[in-house]
$ cat entry38.pdb   # PDB, C-alpha atoms
ATOM      1  CA  MET Y   1     132.319 -43.619-121.217
ATOM      2  CA  LYS Y   2     132.450 -40.139-119.746
ATOM      3  CA  GLU Y   3     129.378 -38.591-118.258
ATOM      4  CA  THR Y   4     128.401 -35.051-119.234
ATOM      5  CA  GLY Y   5     126.932 -32.453-116.890
ATOM      6  CA  PHE Y   6     123.490 -32.888-118.471
ATOM      7  CA  GLU Y   7     123.347 -36.577-117.532
ATOM      8  CA  ARG Y   8     124.515 -35.843-113.973
ATOM      9  CA  LEU Y   9     122.028 -32.981-113.549
ATOM     10  CA  PHE Y  10     119.031 -34.997-114.694
ATOM     11  CA  SER Y  11     120.237 -38.466-113.642
ATOM     12  CA  ILE Y  12     119.890 -39.782-117.179
ATOM     13  CA  PRO Y  13     121.835 -43.001-117.671
ATOM     14  CA  LEU Y  14     124.206 -43.176-120.595
ATOM     15  CA  PRO Y  15     123.428 -45.834-123.216
ATOM     16  CA  PRO Y  16     125.344 -49.095-123.233
ATOM     17  CA  SER Y  17     128.674 -48.948-125.028
ATOM     18  CA  SER Y  18     128.191 -46.846-128.114
ATOM     19  CA  GLU Y  19     130.769 -48.952-129.928
ATOM     20  CA  LYS Y  20     127.779 -51.112-130.860
ATOM     21  CA  ILE Y  21     125.734 -48.206-132.280
ATOM     22  CA  GLN Y  22     124.417 -48.956-135.747
ATOM     23  CA  ASP Y  23     122.902 -46.336-138.042
ATOM     24  CA  GLY Y  24     120.142 -48.801-138.941
ATOM     25  CA  PHE Y  25     119.230 -47.400-142.359
ATOM     26  CA  SER Y  26     117.916 -49.833-144.949
ATOM     27  CA  HIS Y  27     119.981 -50.514-148.065
ATOM     28  CA  GLU Y  28     117.267 -48.707-150.075
ATOM     29  CA  ILE Y  29     117.612 -45.510-148.040
ATOM     30  CA  GLU Y  30     121.424 -45.616-148.130
ATOM     31  CA  ALA Y  31     121.297 -46.112-151.932
ATOM     32  CA  GLN Y  32     118.872 -43.197-152.374
ATOM     33  CA  ALA Y  33     121.076 -40.945-150.263
ATOM     34  CA  ALA Y  34     124.131 -41.876-152.344
ATOM     35  CA  LEU Y  35     122.290 -40.940-155.561
ATOM     36  CA  ILE Y  36     121.376 -37.435-154.415
ATOM     37  CA  SER Y  37     123.392 -34.888-156.378
ATOM     38  CA  SER Y  38     125.870 -32.605-154.716
ATOM     39  CA  PRO Y  39     124.039 -29.510-153.468
ATOM     40  CA  GLU Y  40     126.817 -27.328-154.881
ATOM     41  CA  LEU Y  41     125.783 -28.308-158.403
ATOM     42  CA  ILE Y  42     122.085 -27.841-157.694
ATOM     43  CA  PHE Y  43     121.950 -24.378-156.206
ATOM     44  CA  SER Y  44     125.211 -22.509-156.813
ATOM     45  CA  GLU Y  45     123.554 -20.101-159.274
ATOM     46  CA  ARG Y  46     120.564 -19.153-157.106
ATOM     47  CA  LYS Y  47     121.766 -18.736-153.529
ATOM     48  CA  PRO Y  48     123.632 -15.723-152.116
ATOM     49  CA  THR Y  49     126.915 -16.476-150.415
ATOM     50  CA  PHE Y  50     128.809 -14.752-147.611
ATOM     51  CA  PRO Y  51     131.767 -15.653-145.395
ATOM     52  CA  SER Y  52     130.746 -17.651-142.342
ATOM     53  CA  PHE Y  53     131.984 -20.196-139.809
ATOM     54  CA  THR Y  54     130.346 -23.191-138.189
ATOM     55  CA  ILE Y  55     129.404 -23.146-134.522
ATOM     56  CA  ASP Y  56     129.115 -26.900-134.025
ATOM     57  CA  GLY Y  57     131.301 -28.612-131.445
ATOM     58  CA  ALA Y  58     134.918 -29.502-132.103
ATOM     59  CA  HIS Y  59     134.076 -33.206-132.462
ATOM     60  CA  SER Y  60     130.975 -32.708-134.609
ATOM     61  CA  LYS Y  61     130.843 -34.430-137.972
ATOM     62  CA  ASP Y  62     127.521 -33.007-139.132
ATOM     63  CA  LEU Y  63     128.284 -29.307-139.360
ATOM     64  CA  ASP Y  64     124.848 -27.783-139.759
ATOM     65  CA  ASP Y  65     124.948 -24.432-137.919
ATOM     66  CA  ALA Y  66     126.894 -21.332-138.988
ATOM     67  CA  ILE Y  67     127.261 -17.615-138.350
ATOM     68  CA  GLY Y  68     128.568 -14.963-140.712
ATOM     69  CA  VAL Y  69     129.238 -11.267-140.166
ATOM     70  CA  GLU Y  70     129.498  -8.606-142.875
ATOM     71  CA  ARG Y  71     130.033  -4.855-142.804
ATOM     72  CA  ASP Y  72     127.004  -2.916-144.039
ATOM     73  CA  GLY Y  73     127.548   0.820-144.305
ATOM     74  CA  ASN Y  74     128.211   2.004-140.761
ATOM     75  CA  GLY Y  75     126.972  -1.222-139.194
ATOM     76  CA  PHE Y  76     126.992  -4.956-139.673
ATOM     77  CA  VAL Y  77     124.752  -7.789-140.785
ATOM     78  CA  ILE Y  78     124.862 -11.032-138.818
ATOM     79  CA  HIS Y  79     123.757 -14.085-140.796
ATOM     80  CA  VAL Y  80     122.566 -17.112-138.778
ATOM     81  CA  SER Y  81     122.281 -20.266-140.912
ATOM     82  CA  ILE Y  82     121.245 -23.884-140.576
ATOM     83  CA  ALA Y  83     121.693 -26.544-143.259
ATOM     84  CA  ASP Y  84     118.552 -26.853-145.399
ATOM     85  CA  VAL Y  85     117.907 -30.589-145.634
ATOM     86  CA  SER Y  86     114.640 -29.978-147.508
ATOM     87  CA  ASP Y  87     116.606 -28.582-150.454
ATOM     88  CA  ILE Y  88     117.720 -32.096-151.447
ATOM     89  CA  VAL Y  89     115.609 -34.493-149.340
ATOM     90  CA  PHE Y  90     112.074 -34.276-150.648
ATOM     91  CA  LYS Y  91     108.869 -34.458-148.606
ATOM     92  CA  ASP Y  92     107.443 -37.972-148.289
ATOM     93  CA  SER Y  93     110.554 -39.609-149.793
ATOM     94  CA  SER Y  94     111.829 -42.739-148.033
ATOM     95  CA  ILE Y  95     114.602 -40.686-146.438
ATOM     96  CA  ASP Y  96     112.093 -38.075-145.207
ATOM     97  CA  LYS Y  97     109.796 -40.741-143.745
ATOM     98  CA  GLU Y  98     112.699 -42.445-141.946
ATOM     99  CA  ALA Y  99     113.884 -39.087-140.576
ATOM    100  CA  ALA Y 100     110.353 -38.388-139.302
ATOM    101  CA  LYS Y 101     110.334 -41.760-137.489
ATOM    102  CA  ARG Y 102     113.681 -40.991-135.844
ATOM    103  CA  SER Y 103     112.764 -37.343-135.073
ATOM    104  CA  PHE Y 104     116.347 -36.362-134.185
ATOM    105  CA  THR Y 105     119.976 -37.427-134.220
ATOM    106  CA  GLU Y 106     120.926 -39.286-131.046
ATOM    107  CA  TYR Y 107     124.190 -38.040-129.518
ATOM    108  CA  TYR Y 108     126.272 -40.025-127.059
ATOM    109  CA  GLY Y 109     128.765 -38.784-124.482
ATOM    110  CA  ASP Y 110     131.760 -40.174-126.365
ATOM    111  CA  THR Y 111     131.261 -38.048-129.546
ATOM    112  CA  ARG Y 112     129.390 -40.769-131.428
ATOM    113  CA  ASN Y 113     125.898 -40.463-132.785
ATOM    114  CA  LYS Y 114     123.041 -42.263-134.508
ATOM    115  CA  PRO Y 115     122.019 -39.877-137.302
ATOM    116  CA  MET Y 116     118.496 -38.902-138.310
ATOM    117  CA  ILE Y 117     119.470 -39.002-142.009
ATOM    118  CA  PRO Y 118     122.227 -41.066-143.683
ATOM    119  CA  ARG Y 119     125.758 -39.893-142.956
ATOM    120  CA  ILE Y 120     126.513 -39.290-146.643
ATOM    121  CA  LEU Y 121     123.982 -36.457-146.371
ATOM    122  CA  SER Y 122     124.429 -35.216-142.797
ATOM    123  CA  GLU Y 123     128.232 -35.369-142.756
ATOM    124  CA  ASP Y 124     128.982 -34.690-146.425
ATOM    125  CA  LYS Y 125     126.435 -33.358-148.924
ATOM    126  CA  LEU Y 126     124.625 -31.115-146.417
ATOM    127  CA  SER Y 127     127.460 -30.430-143.998
ATOM    128  CA  LEU Y 128     128.738 -26.842-144.031
ATOM    129  CA  HIS Y 129     132.346 -27.572-144.986
ATOM    130  CA  GLU Y 130     134.858 -24.844-145.729
ATOM    131  CA  ASP Y 131     134.874 -23.534-149.317
ATOM    132  CA  GLN Y 132     131.843 -25.624-150.334
ATOM    133  CA  LEU Y 133     128.464 -24.123-151.180
ATOM    134  CA  ARG Y 134     125.595 -25.699-149.276
ATOM    135  CA  PRO Y 135     121.849 -25.019-149.081
ATOM    136  CA  THR Y 136     120.915 -23.188-145.893
ATOM    137  CA  ILE Y 137     118.013 -21.457-144.263
ATOM    138  CA  THR Y 138     119.411 -18.119-143.150
ATOM    139  CA  THR Y 139     118.137 -15.165-141.221
ATOM    140  CA  SER Y 140     120.038 -11.884-141.576
ATOM    141  CA  ILE Y 141     120.057  -9.427-138.692
ATOM    142  CA  PRO Y 142     121.182  -5.821-139.270
ATOM    143  CA  ILE Y 143     123.151  -4.357-136.349
ATOM    144  CA  SER Y 144     124.023  -0.656-136.075
ATOM    145  CA  LYS Y 145     127.543   0.477-135.191
ATOM    146  CA  ASN Y 146     126.171   1.044-131.650
ATOM    147  CA  GLY Y 147     124.938  -2.542-131.403
ATOM    148  CA  SER Y 148     121.227  -1.883-131.910
ATOM    149  CA  VAL Y 149     119.241  -4.488-133.829
TER     150      VAL Y 149
END
$ encode --input "entry38.pdb" --output "structure tokens"
Amino acid sequence: MKETGFERLFSIPLPPSSEKIQDGFSHEIEAQAALISSPELIFSERKPTFPSFTIDGAHSKDLDDAIGVERDGNGFVIHVSIADVSDIVFKDSSIDKEAAKRSFTEYYGDTRNKPMIPRILSEDKLSLHEDQLRPTITTSIPISKNGSV
């Protein structure tokens, strides 16, 4: 397994072969995740949309960060978005409690990961795929034609 600069800089050992990585979600949590409706059906009528592109790495499967730019009069508006998990994973649900225990997705140097929430959510129903509406938390930043915020 290749070492990244972060591991070399901080002398952090890589985990044993990530070929043995298991997601470790219970059957109950996987079943609940599978039953969650497609976000596109839930929120398509109430959320504004704008053209954007993801900024996750080339090997990422859970595309949860995006940037969009629009013209606004003589300037621009930059939209910075992150997938809004809370739109379909409810507080204190089994999935929420498991995510809280895990705290974060574990990433390994060979492009594999152990997700914080089931893959059907992180890599599909909440992932910011092209031409699919997804719930996001977005901040919009107006920029003048001279570059002033």
$ closest_residue --input "entry38.pdb" --among "Y:Asp84, Y:Ile137, Y:Lys145, Y:Arg112" --to "Lys61 (chain Y)" --atoms "only C-alpha atoms"
Y:Arg112
$ closest_residue --input "entry38.pdb" --among "Y:Ser122, Y:Ser86, Y:Thr139, Y:Ser37" --to "Ala66 (chain Y)" --atoms "all atoms listed in the file"
Y:Thr139
$ residues_around --input "entry38.pdb" --residues "Val89 (chain Y)" --least-positions-apart "3" --cutoff "10 Å" --atoms "only C-alpha atoms" --output "MDAnalysis selection string"
chainID Y and resid 32:33 36 84:86 92:96 117 121
$ residues_around --input "entry38.pdb" --residues "Ser144 (chain Y)" --least-positions-apart "6" --cutoff "12 Å" --atoms "only C-alpha atoms" --output "PyMOL selection string"
chain Y and resi 70-78
$ atom_distance --input "entry38.pdb" --atom1 "CA of Leu35 (chain Y)" --atom2 "CA of Arg119 (chain Y)"
13.1 Å
$ atom_distance --input "entry38.pdb" --atom1 "CA of Leu63 (chain Y)" --atom2 "CA of Lys114 (chain Y)"
14.8 Å
$ resolve_selection --input "entry38.pdb" --expression "the PyMOL selection byres ((chain Y and resi 25) around 12)" --output "list in words"
Gln22, Asp23, Gly24, Ser26, His27, Glu28, Ile29, Glu30, Ala31, Gln32, Ala33, Ser94, Ile95, Lys97, Glu98, Ala99, Lys101, Arg102, Lys114, Pro115, Met116, Ile117, Pro118, Arg119 and Ile120 of chain Y
$ atom_distance --input "entry38.pdb" --atom1 "CA of Glu130 (chain Y)" --atom2 "CA of Asn113 (chain Y)"
22.2 Å
